[in-house]
Amino acid sequence: MCFTEGLTLNSTELLDTAETAARLGAKCLLDWIDEFRVSEKGRSDLVTDADYASQTAIVKLISERYPDHHMLGEEGLTRQEGASDYRWVIDPLDGTSNYVHGFPYYCVSIGLEFQGELVLGVVYDPNRDEMFSAFRGQGAKLNGKSITTSRILSLDQAMLVASLPVGTNGRDIAVDRFLRVLPEAQTLQRTGSAALNLCYVSAGRIDGYWSSNLKPWDMAAGVLICRESGGIVTSIEESSFTIETPSLLATNGTNIHADLQSLLTGPLF
């Protein structure tokens, strides 16, 4: 029996809930675009009124449809009263710094776990009206059309993206890793949205992405979308992976995964 046969809820209805909630959250982001106030959770770690408004709208819709489900979200959201096999993992605004500066690379990300396993992912980019979605075992889609990863086989032909920690400095291992890969790749970028980076791997727009400082809500939805598109997701250091640990390496599923992993875990400069 495949894992999803144990689901007690319809996948179409769950996807509809996630996509509707993502669009509601994104509407809040666009409504607040000229009105938000910014505060810092830490050095260069920003939060806005828009983050909270988006999360409130998302939680309200999901709670109305599934009042017993657990939730985990970036802006202080932890709901786990009672017993439930389901947990929604929500980032109401992934790419807050981009949003604050008017750089149109941010999104709403909503994932769903069933008995601790990712089964659903939705990432919505309101600037491009792009809805990335996946349900476990059913493939990945962009605006309803199937997507797959690229077939790039070598790093010197690959477009790669890396995340660096907020408030980082030149002595951080993440900077060392970035510089280590830079001369080996055709292109290496830093963009500011983990969820969109994972979706861009899924759609074949980039060939690999890594980070060592992610939270569950940054990656839950994108990880499932990437896997369902044919990509590989592990930690940087190992073949195993969990959204509860901050280390992630996602690629198109070719041998560049092993090549990147070898570079990223090699001796420091």
# chains A, B, ... in the order shown; residues from 1 in each chain; ligands from 1
$ residues_around --residues "A:Ile243" --least-positions-apart "6" --cutoff "8 Å" --atoms "only C-alpha atoms" --output "NGL selection string"
:A and (215-216 or 219-220)
$ write_last_selection --atoms "C-alpha atoms" --output "short mmCIF file (atom, residue, chain, number, x, y, z; two decimals), in the first residue's frame"
data_model
loop_
_atom_site.label_atom_id
_atom_site.label_comp_id
_atom_site.auth_asym_id
_atom_site.auth_seq_id
_atom_site.Cartn_x
_atom_site.Cartn_y
_atom_site.Cartn_z
CA LYS A 215 13.48 26.67 9.13
CA PRO A 216 10.70 24.12 8.49
CA MET A 219 11.22 24.57 2.85
CA ALA A 220 8.31 22.23 3.65
#
$ select_by_dssp --residues "stretch 64-252 of chain A" --states "strand (DSSP E or B)" --output "ChimeraX atom specification"
/A:70-73,77-79,86-94,107-114,117-125,130-135,140-142,145-146,159-162,187-189,208-211,232-234,248-251
$ residues_around --residues "A:Leu196" --least-positions-apart "5" --cutoff "10 Å" --atoms "only C-alpha atoms" --output "list in words"
Asp94, Gly95, Tyr105, Tyr106, Cys107, Val108, Ser109, Val123, Tyr124, Asp125, Phe132, Thr191, Val201, Ser202, Asp218, Met219, Ala221 and Gly222 of chain A
$ closest_atom_pairs --of "stretch 126-187 of chain A" --to "stretch 10-32 of chain A" --cutoff "10 Å" --atoms "only C-alpha atoms" --output "CSV"
residue,atom,partner,partner_atom,distance
A:Pro126,CA,A:Ala26,CA,6.0
A:Asn127,CA,A:Leu30,CA,8.9
A:Asp129,CA,A:Arg23,CA,9.4
A:Met131,CA,A:Glu19,CA,7.7
A:Phe132,CA,A:Glu19,CA,9.1
A:Ser133,CA,A:Leu15,CA,7.9
A:Ala134,CA,A:Leu15,CA,8.2
A:Phe135,CA,A:Ser11,CA,7.1
A:Arg136,CA,A:Ser11,CA,9.2
A:Gln138,CA,A:Ser11,CA,9.7
$ closest_residue --among "A:Ala158, A:Leu164, A:Glu238, A:Cys199" --to "A:Thr187" --atoms "only C-alpha atoms"
A:Ala158
$ decode --residues "stretch 91-222 of chain A" --atoms "C-alpha atoms" --output "compact mmCIF listing (two decimals), in the first residue's frame"
# COMPACT_ATOMS: atom_id res chain seq x y z
CA ASP A 91 5.42 30.74 5.67
CA PRO A 92 3.15 33.73 5.04
CA LEU A 93 5.95 35.71 3.35
CA ASP A 94 9.10 33.95 2.21
CA GLY A 95 11.53 36.62 1.06
CA THR A 96 10.66 39.41 3.48
CA SER A 97 13.79 41.45 2.74
CA ASN A 98 12.97 41.30 -0.98
CA TYR A 99 9.41 42.40 -0.23
CA VAL A 100 10.59 45.32 1.89
CA HIS A 101 12.88 46.57 -0.88
CA GLY A 102 10.36 46.12 -3.67
CA PHE A 103 12.34 43.28 -5.25
CA PRO A 104 9.66 41.00 -6.73
CA TYR A 105 11.02 37.62 -5.61
CA TYR A 106 8.88 36.55 -2.67
CA CYS A 107 5.97 34.19 -2.12
CA VAL A 108 3.56 32.42 0.20
CA SER A 109 4.50 28.84 1.09
CA ILE A 110 2.15 26.22 2.59
CA GLY A 111 3.07 22.61 3.25
CA LEU A 112 1.12 19.78 4.85
CA GLU A 113 2.38 16.78 6.78
CA PHE A 114 0.42 13.60 7.40
CA GLN A 115 1.78 11.48 10.25
CA GLY A 116 5.03 13.39 10.05
CA GLU A 117 5.53 12.95 6.30
CA LEU A 118 5.19 15.71 3.70
CA VAL A 119 2.19 15.09 1.45
CA LEU A 120 1.31 18.49 0.00
CA GLY A 121 3.09 21.64 -1.05
CA VAL A 122 1.88 24.92 -2.50
CA VAL A 123 4.02 27.97 -3.27
CA TYR A 124 2.38 31.06 -4.77
CA ASP A 125 4.27 33.94 -6.36
CA PRO A 126 1.81 36.86 -6.63
CA ASN A 127 4.07 38.98 -8.83
CA ARG A 128 4.04 36.41 -11.62
CA ASP A 129 0.73 34.77 -10.71
CA GLU A 130 2.55 31.44 -10.53
CA MET A 131 1.12 28.65 -8.39
CA PHE A 132 3.52 25.77 -7.84
CA SER A 133 1.82 22.74 -6.32
CA ALA A 134 2.32 19.07 -5.60
CA PHE A 135 0.65 16.19 -3.83
CA ARG A 136 2.69 13.15 -2.90
CA GLY A 137 2.69 10.59 -5.69
CA GLN A 138 0.89 12.87 -8.15
CA GLY A 139 3.76 14.92 -9.61
CA ALA A 140 4.44 18.64 -9.49
CA LYS A 141 2.64 21.40 -11.37
CA LEU A 142 2.91 25.05 -12.26
CA ASN A 143 -0.47 26.70 -12.85
CA GLY A 144 -1.94 23.26 -13.44
CA LYS A 145 0.68 22.02 -15.93
CA SER A 146 3.23 19.33 -15.07
CA ILE A 147 6.82 20.42 -14.46
CA THR A 148 10.11 18.54 -14.30
CA THR A 149 13.68 19.37 -13.40
CA SER A 150 16.42 20.15 -15.91
CA ARG A 151 18.80 17.55 -17.31
CA ILE A 152 22.01 19.53 -16.83
CA LEU A 153 24.78 17.05 -16.04
CA SER A 154 27.82 19.16 -15.15
CA LEU A 155 28.46 22.06 -12.80
CA ASP A 156 30.15 24.12 -15.51
CA GLN A 157 26.79 24.20 -17.32
CA ALA A 158 24.67 24.68 -14.21
CA MET A 159 22.85 27.67 -12.81
CA LEU A 160 22.97 27.39 -9.02
CA VAL A 161 21.53 29.36 -6.11
CA ALA A 162 22.71 29.49 -2.50
CA SER A 163 21.31 30.98 0.68
CA LEU A 164 23.54 32.84 3.12
CA PRO A 165 22.53 33.42 6.74
CA VAL A 166 21.09 36.82 7.65
CA GLY A 167 23.71 39.10 9.14
CA THR A 168 26.51 36.82 7.95
CA ASN A 169 30.20 37.75 7.80
CA GLY A 170 33.16 36.63 5.74
CA ARG A 171 34.20 34.01 8.28
CA ASP A 172 30.94 32.05 8.03
CA ILE A 173 31.20 28.54 6.57
CA ALA A 174 28.31 29.43 4.26
CA VAL A 175 30.47 32.12 2.63
CA ASP A 176 33.32 29.65 2.27
CA ARG A 177 30.99 27.19 0.56
CA PHE A 178 29.70 29.89 -1.79
CA LEU A 179 33.24 30.84 -2.83
CA ARG A 180 34.19 27.19 -3.22
CA VAL A 181 31.41 26.53 -5.73
CA LEU A 182 31.59 29.89 -7.52
CA PRO A 183 34.45 29.03 -9.96
CA GLU A 184 32.97 25.59 -10.71
CA ALA A 185 29.47 26.72 -11.74
CA GLN A 186 28.37 28.48 -14.89
CA THR A 187 26.32 30.85 -12.71
CA LEU A 188 25.87 31.14 -8.93
CA GLN A 189 23.29 33.48 -7.40
CA ARG A 190 21.79 34.48 -4.05
CA THR A 191 18.11 35.37 -4.37
CA GLY A 192 16.42 35.56 -0.95
CA SER A 193 13.53 33.07 -1.12
CA ALA A 194 14.14 29.42 -0.29
CA ALA A 195 10.64 28.36 -1.31
CA LEU A 196 10.92 29.91 -4.77
CA ASN A 197 14.44 28.55 -5.21
CA LEU A 198 13.13 25.02 -4.61
CA CYS A 199 10.30 25.61 -7.07
CA TYR A 200 12.72 26.95 -9.67
CA VAL A 201 14.75 23.74 -9.35
CA SER A 202 11.47 21.88 -9.83
CA ALA A 203 10.61 23.80 -13.01
CA GLY A 204 14.09 23.44 -14.53
CA ARG A 205 14.89 27.15 -14.20
CA ILE A 206 17.86 26.48 -11.93
CA ASP A 207 19.78 23.26 -11.49
CA GLY A 208 20.67 23.25 -7.81
CA TYR A 209 20.15 25.10 -4.53
CA TRP A 210 21.57 24.79 -1.04
CA SER A 211 21.29 26.38 2.37
CA SER A 212 22.51 25.67 5.89
CA ASN A 213 20.16 27.98 7.79
CA LEU A 214 16.55 27.11 6.93
CA LYS A 215 13.48 26.67 9.13
CA PRO A 216 10.70 24.12 8.49
CA TRP A 217 8.34 26.74 7.04
CA ASP A 218 11.01 27.92 4.57
CA MET A 219 11.22 24.57 2.85
CA ALA A 220 8.31 22.23 3.65
CA ALA A 221 6.24 22.99 0.56
CA GLY A 222 9.19 23.43 -1.78
